[in-house]
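To start, the structure itself, in structure tokens.
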Amino acid sequence: MVVLLGALAFWLRAYAIQYNGWINPDEAELLADARRARLGLLPPYGSYTTPTFFALWPMSLATLSWMGMPLTLPAAHALSASAYVVVGALLWVVTARGVGWLRSGIVVLPVTFFVLSSPGDFAALGTELLAVLLLVAAAAILVSGRDPVSPSRLFVVAILCGLAPWAKPHGSIVVLALAVVAVQYASFPGPAAARRRNWCVALLGLAAPSLVLGLLMAVGGTLLRFWEEPLAFTLYYGVGGIDGVGDVSLAGRLSSIVAQLPTIGVFLALSLLGLVPWMARNARASDRWPLARLMWIELVGAGVITSVAIPLFQHYLNLLLASSAVAAIVGIAMASADTSKNLSGADVRSSGVSRAQIGILALPLILSSFAVSQVWQYRDFYGEPPHVDVHELSSLCPAGSRVAVWGWSAELYALYDWIPASRYTNTNLLVWRTPYTDVYRSRYADELRAAPPQCLVNAIGPGWFNFENPDAGVRRPAEHYIDGLSGWLRRGYTSHPIALADETSIKVWVRNTR
């Protein structure tokens with residue numbers, strides 16, 4: 001099965017895996033922050049910082065790089081495909097126990113195909129993917145093994161849930177929904193004392209990752225950095241409190257949601273797999289049906305609320321994928337556990353269920369056929385990667401050099417194998433106005449002065465990502481924003497204007513050697 005899904009991923013993602021440019025700029029920043037994390041994994045936020053994702057990403061990628069994974073964009077695209085294969089395989093294996101391999105595959109394969117065949121955000125290493133993996137793995141562990149769920153198994157599930165926000169805090173609503181469902185699943189139909197115990201176990205497991213990471217930051221002296229940088233920035237970003245960041249108006253949100261309705265439909269159809277066993281004869285007479293229905297509503301509702309609350313970009317729908325996959329897993333497990341009705345046996349395989357299932361599966365199958373046409377657009381979508389120069393830039397700043405890149409251009413660290421000279425690998429924290437912007441800029445200047453980089457690269461002007469946004473910091477150089485930086489550069493660096501191979505302009509300050 002994994003081989004089948006892997007082959008499907010390799011076929012659909014072949015162009016993406018070979019592409020040496022970013023598909024979404026977030027993945028370039030993930031790789032750059034991981035390069036910083038390699039300088040010192042602990043304490044969290046000691047050698048790196050993050051914008052709208054948290055410390056688990058750079059820590060995980062840095063660990064993978066020590067295990068041999070290159071921190072390059074093609075590797076990131078391969079990792080993205082692998083993540084979806086793991087999600088699809090887990091979903092298929094766990095749900096097949098309740099409804100059979102064929103019926104499960106009829107749903108899981110089209111949805112997996114739909115995701116893998118998209119040349120857009122789903123082909124990138126989305127910042128939500130690590131949280132998706134953790135949540136689906138937590139659900140698989142919850143329903144695996146013998147009933148009833150032991151406290152130790154519930155504790156592991158809660159720990160995985162507690163780790164997910166440290167990858168992508170935007171998924172916190174889905175995390176809380178799964179934690180509640182885990183307690184409900186583990187407690188049914190036990191006595192009140194068991195429910196109270198399970199709530200205590202779940203809350204402890206849910207809090208454990210934050211307690212450990214918080215303690216590491218407190219001991220390492222980086223707790224204030226976490227509060228002022230990723231946490232504060234994410235809060236301001238989430239409530240639309242930063243000028244120039246997306247269209248957070250009602251019209252803008254509705255327009256975004258409408259544009260993403262096909263994908264939303266596919267993922268919601270996946271969640272219906274959790275209700276299929278309950279269509280068997282007499283299934284809804286089971287005392288488990290009210291709870292199974294409630295859990296499905298909790299999980300899918302959490303995914304929908306998240307998608308509606310942050311609909312600006314397609315990749316946020318990964319969180320809806322997670323909630324729908326978990327809803328399918330838990331719904332089928334609830335039905336399969338009802339041995340009094342034998343819902344995983346003859347009743348589930350009745351012709352009535354088959355007909356209902358065909359009707360439910362029509363939606364993802366039809367929408368997946370829409371995605372087929374995108375497969376043949378891959379070659380056009382992935383053209384020549386931008387900003388690759390003809391040796392001049394790499395000769396000024398060789399591989400392995402400590403370089404500070406200014407702009408929305410963290411991909412340069414991956415393209416030229418540079419070590420980021422600052423914890424701030426993108427201009428988002430340094431340019432977008434929040435109450436802490438001046439603090440970020442002061443820290444940036446202190447980092448450069450304390451350990452002068454080999455180069456400072458001003459990747460600004462037309463041709464660079466987000467240039468059309470006047471608030472993104474891609475129109476003016478670093479010297480415009482950082483007090484005292486202009487004089488400091490002129491005293492110790494020499495300016496080199498360069499035209500890259502795609503005619504994109506770039507200005508490089510190279511440190512004087514004497």
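As shown in the structure tokens, the chain order sets the letters A, B, ...; within each chain, residues go from 1, and ligands are also counted from 1 in the order they appear.
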
Select from region 272-331 of chain A every residue with an atom at most 10 Å from any atom of region 105-127 of chain A, then for each give the shortest pair of atoms and their distance in Å to one decimal, using only C-alpha atoms, rows by chain and rising number, as CSV.
residue,atom,partner,partner_atom,distance
A:Leu272,CA,A:Val107,CA,9.4
A:Leu273,CA,A:Val107,CA,7.3
A:Phe313,CA,A:Asp121,CA,8.3
A:Gln314,CA,A:Asp121,CA,6.3
A:His315,CA,A:Asp121,CA,5.4
A:Tyr316,CA,A:Gly126,CA,8.4
A:Leu317,CA,A:Phe122,CA,9.2
A:Asn318,CA,A:Phe122,CA,8.1
A:Leu321,CA,A:Val111,CA,9.5
A:Ala325,CA,A:Val108,CA,9.2

>> Could you list, as a ChimeraX atom specification, every residue within 8 Å of Thr95 (chain A), counting only C-alpha atoms and ignoring same-chain residues fewer than 5 positions away?
In response: /A:100,104,328-329,332-333

Using N, CA and C atoms, can you export the residues from the last selection as a PDB file, in the first residue's frame?
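out29.pdb was written with the following content:
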ATOM      1  N   GLY A 100     -13.363  -2.342   5.271  1.00  0.00           N
ATOM      2  CA  GLY A 100     -12.737  -3.128   4.218  1.00  0.00           C
ATOM      3  C   GLY A 100     -11.803  -2.304   3.353  1.00  0.00           C
ATOM      4  N   SER A 104     -12.651   1.518   1.770  1.00  0.00           N
ATOM      5  CA  SER A 104     -11.774   2.579   2.275  1.00  0.00           C
ATOM      6  C   SER A 104     -10.958   3.184   1.142  1.00  0.00           C
ATOM      7  N   ALA A 328     -13.021  10.607   9.934  1.00  0.00           N
ATOM      8  CA  ALA A 328     -13.232   9.314   9.277  1.00  0.00           C
ATOM      9  C   ALA A 328     -12.691   8.178  10.135  1.00  0.00           C
ATOM     10  N   ILE A 329     -11.506   8.363  10.703  1.00  0.00           N
ATOM     11  CA  ILE A 329     -10.886   7.316  11.519  1.00  0.00           C
ATOM     12  C   ILE A 329     -11.719   7.019  12.759  1.00  0.00           C
ATOM     13  N   ILE A 332     -15.395   5.419  12.049  1.00  0.00           N
ATOM     14  CA  ILE A 332     -15.361   4.000  11.708  1.00  0.00           C
ATOM     15  C   ILE A 332     -14.971   3.164  12.920  1.00  0.00           C
ATOM     16  N   ALA A 333     -14.037   3.660  13.725  1.00  0.00           N
ATOM     17  CA  ALA A 333     -13.624   2.912  14.917  1.00  0.00           C
ATOM     18  C   ALA A 333     -14.768   2.771  15.904  1.00  0.00           C
TER      19      ALA A 333
END

>> For Leu235 (chain A), find every residue with an atom within 12 Å (counting only C-alpha atoms), except residues of its own chain fewer than 6 positions away, and show them as a ChimeraX atom specification.
In response: /A:51-53,169-170,227-229,241-242,434-435

Store the residues of this selection in a file with all heavy atoms, as an mmCIF file, in the first residue's frame.
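Done, and the output landed in result-v7.cif:
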data_model
loop_
_atom_site.group_PDB
_atom_site.id
_atom_site.type_symbol
_atom_site.label_atom_id
_atom_site.label_comp_id
_atom_site.auth_asym_id
_atom_site.auth_seq_id
_atom_site.Cartn_x
_atom_site.Cartn_y
_atom_site.Cartn_z
ATOM 1 N N PRO A 51 8.126 32.940 12.123
ATOM 2 C CA PRO A 51 7.000 33.876 12.020
ATOM 3 C C PRO A 51 5.683 33.195 12.374
ATOM 4 O O PRO A 51 5.321 33.119 13.542
ATOM 5 C CB PRO A 51 7.065 34.325 10.560
ATOM 6 C CG PRO A 51 7.701 33.169 9.840
ATOM 7 C CD PRO A 51 8.523 32.408 10.821
ATOM 8 N N THR A 52 4.979 32.616 11.405
ATOM 9 C CA THR A 52 3.651 32.052 11.647
ATOM 10 C C THR A 52 3.677 30.540 11.836
ATOM 11 O O THR A 52 2.654 29.880 11.735
ATOM 12 C CB THR A 52 2.710 32.403 10.485
ATOM 13 O OG1 THR A 52 3.268 31.907 9.266
ATOM 14 C CG2 THR A 52 2.518 33.900 10.387
ATOM 15 N N PHE A 53 4.823 29.974 12.059
ATOM 16 C CA PHE A 53 4.944 28.596 12.525
ATOM 17 C C PHE A 53 5.860 28.635 13.742
ATOM 18 O O PHE A 53 6.507 29.647 14.008
ATOM 19 C CB PHE A 53 5.495 27.666 11.436
ATOM 20 C CG PHE A 53 6.753 28.159 10.776
ATOM 21 C CD1 PHE A 53 7.999 27.868 11.294
ATOM 22 C CD2 PHE A 53 6.701 28.929 9.616
ATOM 23 C CE1 PHE A 53 9.166 28.323 10.689
ATOM 24 C CE2 PHE A 53 7.861 29.385 8.996
ATOM 25 C CZ PHE A 53 9.091 29.087 9.541
ATOM 26 N N PRO A 169 0.447 26.923 15.082
ATOM 27 C CA PRO A 169 -0.541 27.313 16.090
ATOM 28 C C PRO A 169 -1.932 27.541 15.531
ATOM 29 O O PRO A 169 -2.912 27.487 16.271
ATOM 30 C CB PRO A 169 0.048 28.601 16.681
ATOM 31 C CG PRO A 169 0.980 29.118 15.633
ATOM 32 C CD PRO A 169 1.527 27.913 14.954
ATOM 33 N N HIS A 170 -2.048 27.795 14.227
ATOM 34 C CA HIS A 170 -3.354 28.036 13.620
ATOM 35 C C HIS A 170 -4.273 26.818 13.719
ATOM 36 O O HIS A 170 -5.490 26.936 13.554
ATOM 37 C CB HIS A 170 -3.190 28.414 12.148
ATOM 38 C CG HIS A 170 -2.348 29.627 11.930
ATOM 39 N ND1 HIS A 170 -1.002 29.637 12.202
ATOM 40 C CD2 HIS A 170 -2.650 30.869 11.459
ATOM 41 C CE1 HIS A 170 -0.508 30.832 11.917
ATOM 42 N NE2 HIS A 170 -1.481 31.596 11.475
ATOM 43 N N TRP A 227 8.030 35.036 23.404
ATOM 44 C CA TRP A 227 6.856 35.869 23.661
ATOM 45 C C TRP A 227 6.804 37.052 22.701
ATOM 46 O O TRP A 227 5.756 37.373 22.147
ATOM 47 C CB TRP A 227 6.877 36.355 25.109
ATOM 48 C CG TRP A 227 5.751 37.292 25.437
ATOM 49 C CD1 TRP A 227 5.762 38.656 25.369
ATOM 50 C CD2 TRP A 227 4.430 36.924 25.857
ATOM 51 N NE1 TRP A 227 4.541 39.174 25.726
ATOM 52 C CE2 TRP A 227 3.699 38.136 26.026
ATOM 53 C CE3 TRP A 227 3.803 35.713 26.120
ATOM 54 C CZ2 TRP A 227 2.376 38.141 26.440
ATOM 55 C CZ3 TRP A 227 2.481 35.720 26.525
ATOM 56 C CH2 TRP A 227 1.778 36.918 26.679
ATOM 57 N N GLU A 228 7.951 37.705 22.483
ATOM 58 C CA GLU A 228 7.976 38.924 21.690
ATOM 59 C C GLU A 228 8.008 38.667 20.188
ATOM 60 O O GLU A 228 7.581 39.527 19.411
ATOM 61 C CB GLU A 228 9.193 39.770 22.070
ATOM 62 C CG GLU A 228 9.124 40.339 23.480
ATOM 63 C CD GLU A 228 10.364 41.124 23.840
ATOM 64 O OE1 GLU A 228 11.413 40.919 23.187
ATOM 65 O OE2 GLU A 228 10.307 41.941 24.777
ATOM 66 N N GLU A 229 8.531 37.521 19.774
ATOM 67 C CA GLU A 229 8.704 37.289 18.334
ATOM 68 C C GLU A 229 7.582 36.419 17.756
ATOM 69 O O GLU A 229 6.578 36.964 17.274
ATOM 70 C CB GLU A 229 10.101 36.719 18.075
ATOM 71 C CG GLU A 229 11.199 37.752 18.362
ATOM 72 C CD GLU A 229 12.601 37.199 18.223
ATOM 73 O OE1 GLU A 229 12.756 35.975 18.019
ATOM 74 O OE2 GLU A 229 13.552 37.988 18.323
ATOM 75 N N GLY A 241 -3.979 42.566 12.566
ATOM 76 C CA GLY A 241 -3.462 43.792 13.156
ATOM 77 C C GLY A 241 -2.173 44.284 12.548
ATOM 78 O O GLY A 241 -1.484 45.115 13.144
ATOM 79 N N ILE A 242 -1.810 43.786 11.364
ATOM 80 C CA ILE A 242 -0.579 44.210 10.695
ATOM 81 C C ILE A 242 -0.948 44.822 9.358
ATOM 82 O O ILE A 242 -1.613 44.189 8.537
ATOM 83 C CB ILE A 242 0.376 43.020 10.483
ATOM 84 C CG1 ILE A 242 0.692 42.344 11.829
ATOM 85 C CG2 ILE A 242 1.666 43.477 9.832
ATOM 86 C CD1 ILE A 242 1.568 41.117 11.702
ATOM 87 N N THR A 434 4.359 46.191 14.072
ATOM 88 C CA THR A 434 3.723 45.729 15.296
ATOM 89 C C THR A 434 4.390 46.487 16.442
ATOM 90 O O THR A 434 5.401 47.174 16.232
ATOM 91 C CB THR A 434 3.927 44.213 15.515
ATOM 92 O OG1 THR A 434 5.291 43.971 15.875
ATOM 93 C CG2 THR A 434 3.564 43.420 14.273
ATOM 94 N N PRO A 435 3.875 46.392 17.652
ATOM 95 C CA PRO A 435 4.533 47.076 18.769
ATOM 96 C C PRO A 435 5.972 46.617 19.013
ATOM 97 O O PRO A 435 6.717 47.299 19.721
ATOM 98 C CB PRO A 435 3.631 46.719 19.968
ATOM 99 C CG PRO A 435 2.277 46.494 19.376
ATOM 100 C CD PRO A 435 2.552 45.846 18.052
#

>> I'd like the contact shell of region 158-160 of chain A - 8 Å cut-off, only C-alpha atoms, skipping same-chain residues fewer than 2 positions apart - returned as a PyMOL selection string.
In response: chain A and resi 134-135+137-138+154-156+162-164+179+202-209

Using N, CA and C atoms, can you write the selected residues to a file as an mmCIF file, in the first residue's frame?
data_model
loop_
_atom_site.group_PDB
_atom_site.id
_atom_site.type_symbol
_atom_site.label_atom_id
_atom_site.label_comp_id
_atom_site.auth_asym_id
_atom_site.auth_seq_id
_atom_site.Cartn_x
_atom_site.Cartn_y
_atom_site.Cartn_z
ATOM 1 N N LEU A 134 0.964 14.861 12.906
ATOM 2 C CA LEU A 134 0.814 14.589 14.332
ATOM 3 C C LEU A 134 -0.637 14.254 14.686
ATOM 4 N N LEU A 135 -1.582 14.991 14.117
ATOM 5 C CA LEU A 135 -2.995 14.780 14.441
ATOM 6 C C LEU A 135 -3.502 13.454 13.892
ATOM 7 N N ALA A 137 -1.671 10.823 13.153
ATOM 8 C CA ALA A 137 -0.996 9.771 13.921
ATOM 9 C C ALA A 137 -1.656 9.597 15.288
ATOM 10 N N ALA A 138 -2.031 10.704 15.922
ATOM 11 C CA ALA A 138 -2.696 10.628 17.219
ATOM 12 C C ALA A 138 -4.017 9.871 17.113
ATOM 13 N N LEU A 154 -3.896 7.002 25.955
ATOM 14 C CA LEU A 154 -4.518 8.321 25.906
ATOM 15 C C LEU A 154 -3.498 9.413 26.160
ATOM 16 N N PHE A 155 -2.545 9.154 27.030
ATOM 17 C CA PHE A 155 -1.505 10.135 27.336
ATOM 18 C C PHE A 155 -0.631 10.394 26.106
ATOM 19 N N VAL A 156 -0.282 9.329 25.378
ATOM 20 C CA VAL A 156 0.515 9.490 24.151
ATOM 21 C C VAL A 156 -0.260 10.292 23.109
ATOM 22 N N GLY A 162 -0.672 17.917 21.838
ATOM 23 C CA GLY A 162 0.000 19.070 22.424
ATOM 24 C C GLY A 162 1.195 19.546 21.627
ATOM 25 N N LEU A 163 1.808 18.649 20.861
ATOM 26 C CA LEU A 163 2.941 19.044 20.013
ATOM 27 C C LEU A 163 2.493 19.803 18.772
ATOM 28 N N ALA A 164 1.296 19.501 18.278
ATOM 29 C CA ALA A 164 0.844 20.061 16.997
ATOM 30 C C ALA A 164 0.870 21.591 16.956
ATOM 31 N N ALA A 179 -8.542 16.437 21.127
ATOM 32 C CA ALA A 179 -8.316 16.097 22.535
ATOM 33 C C ALA A 179 -9.636 15.764 23.230
ATOM 34 N N ALA A 202 -5.554 13.422 29.832
ATOM 35 C CA ALA A 202 -5.511 14.164 28.570
ATOM 36 C C ALA A 202 -4.987 15.581 28.768
ATOM 37 N N LEU A 203 -5.437 16.252 29.806
ATOM 38 C CA LEU A 203 -4.973 17.621 30.053
ATOM 39 C C LEU A 203 -3.484 17.642 30.368
ATOM 40 N N LEU A 204 -3.025 16.653 31.131
ATOM 41 C CA LEU A 204 -1.596 16.585 31.438
ATOM 42 C C LEU A 204 -0.778 16.339 30.180
ATOM 43 N N GLY A 205 -1.228 15.396 29.342
ATOM 44 C CA GLY A 205 -0.509 15.125 28.096
ATOM 45 C C GLY A 205 -0.545 16.299 27.143
ATOM 46 N N LEU A 206 -1.691 16.975 27.090
ATOM 47 C CA LEU A 206 -1.824 18.126 26.199
ATOM 48 C C LEU A 206 -0.883 19.252 26.614
ATOM 49 N N ALA A 207 -0.704 19.435 27.919
ATOM 50 C CA ALA A 207 0.142 20.525 28.412
ATOM 51 C C ALA A 207 1.624 20.157 28.445
ATOM 52 N N ALA A 208 1.939 18.858 28.438
ATOM 53 C CA ALA A 208 3.323 18.418 28.634
ATOM 54 C C ALA A 208 4.313 19.041 27.642
ATOM 55 N N PRO A 209 4.038 19.032 26.315
ATOM 56 C CA PRO A 209 5.011 19.635 25.396
ATOM 57 C C PRO A 209 5.259 21.112 25.677
#

>> Just want the 9 Å neighbourhood of Ala78 (chain A), counted on only C-alpha atoms, with same-chain residues fewer than 3 positions away dropped. Output as an NGL selection string.
In response: :A and (10 or 13-14 or 16-18 or 73-75 or 81-83 or 124-125)

Could those residues be written to a file, using C-alpha atoms, as a short mmCIF file (atom, residue, chain, number, x, y, z; two decimals), in the first residue's frame?
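Result file out-v2.cif:
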data_model
loop_
_atom_site.label_atom_id
_atom_site.label_comp_id
_atom_site.auth_asym_id
_atom_site.auth_seq_id
_atom_site.Cartn_x
_atom_site.Cartn_y
_atom_site.Cartn_z
CA PHE A 10 6.39 10.01 -7.55
CA ARG A 13 5.02 15.00 -8.13
CA ALA A 14 7.96 14.21 -10.42
CA ALA A 16 7.82 19.29 -8.27
CA ILE A 17 10.47 17.04 -6.72
CA GLN A 18 12.96 18.11 -9.37
CA LEU A 73 13.95 23.00 -2.20
CA PRO A 74 13.70 19.70 -4.15
CA ALA A 75 14.16 17.86 -0.84
CA ALA A 81 4.88 14.33 -1.08
CA SER A 82 6.07 11.87 1.56
CA ALA A 83 3.93 13.53 4.23
CA ALA A 124 4.89 22.79 -1.38
CA LEU A 125 6.17 21.89 2.06
#

>> When you look at region 454-464 of chain A with a cut-off of 7 Å (counting only C-alpha atoms), what residues show up, excluding the ones that are within fewer than 2 positions of it in the same chain? I need them as a count of residues only.
In response: 24

>> Quick check, in Å to one decimal: how far apart do CA of Tyr424 (chain A) and CA of Tyr444 (chain A) lie?
In response: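 Value for the CA of Tyr424 (chain A)-CA of Tyr444 (chain A) distance: 7.0 Å.
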
>> Could you pull out the helix (DSSP H, G or I) residues of region 144-238 of chain A, going by DSSP on the backbone, and write them as a VMD selection string?
In response: chain A and resid 151 to 166 169 to 187 192 to 220 223 to 238

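Among the candidate residues A:Val300, A:Leu294, A:Met334, A:Met279, the one lying nearest to Ala186 (chain A) is A:Met334, with distances computed using only C-alpha atoms.
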
>> Need to verify the contact set: Ala410 (chain A), 9 Å, only C-alpha atoms, exclusion of same-chain residues closer than 2 positions in sequence. Can you return it as a ChimeraX atom specification?
In response: /A:25-32,405-408,412-414,425-426

> Separation of CA of Thr222 (chain A) and CA of Ser47 (chain A), in Å?
Replying inline: 9.7 Å
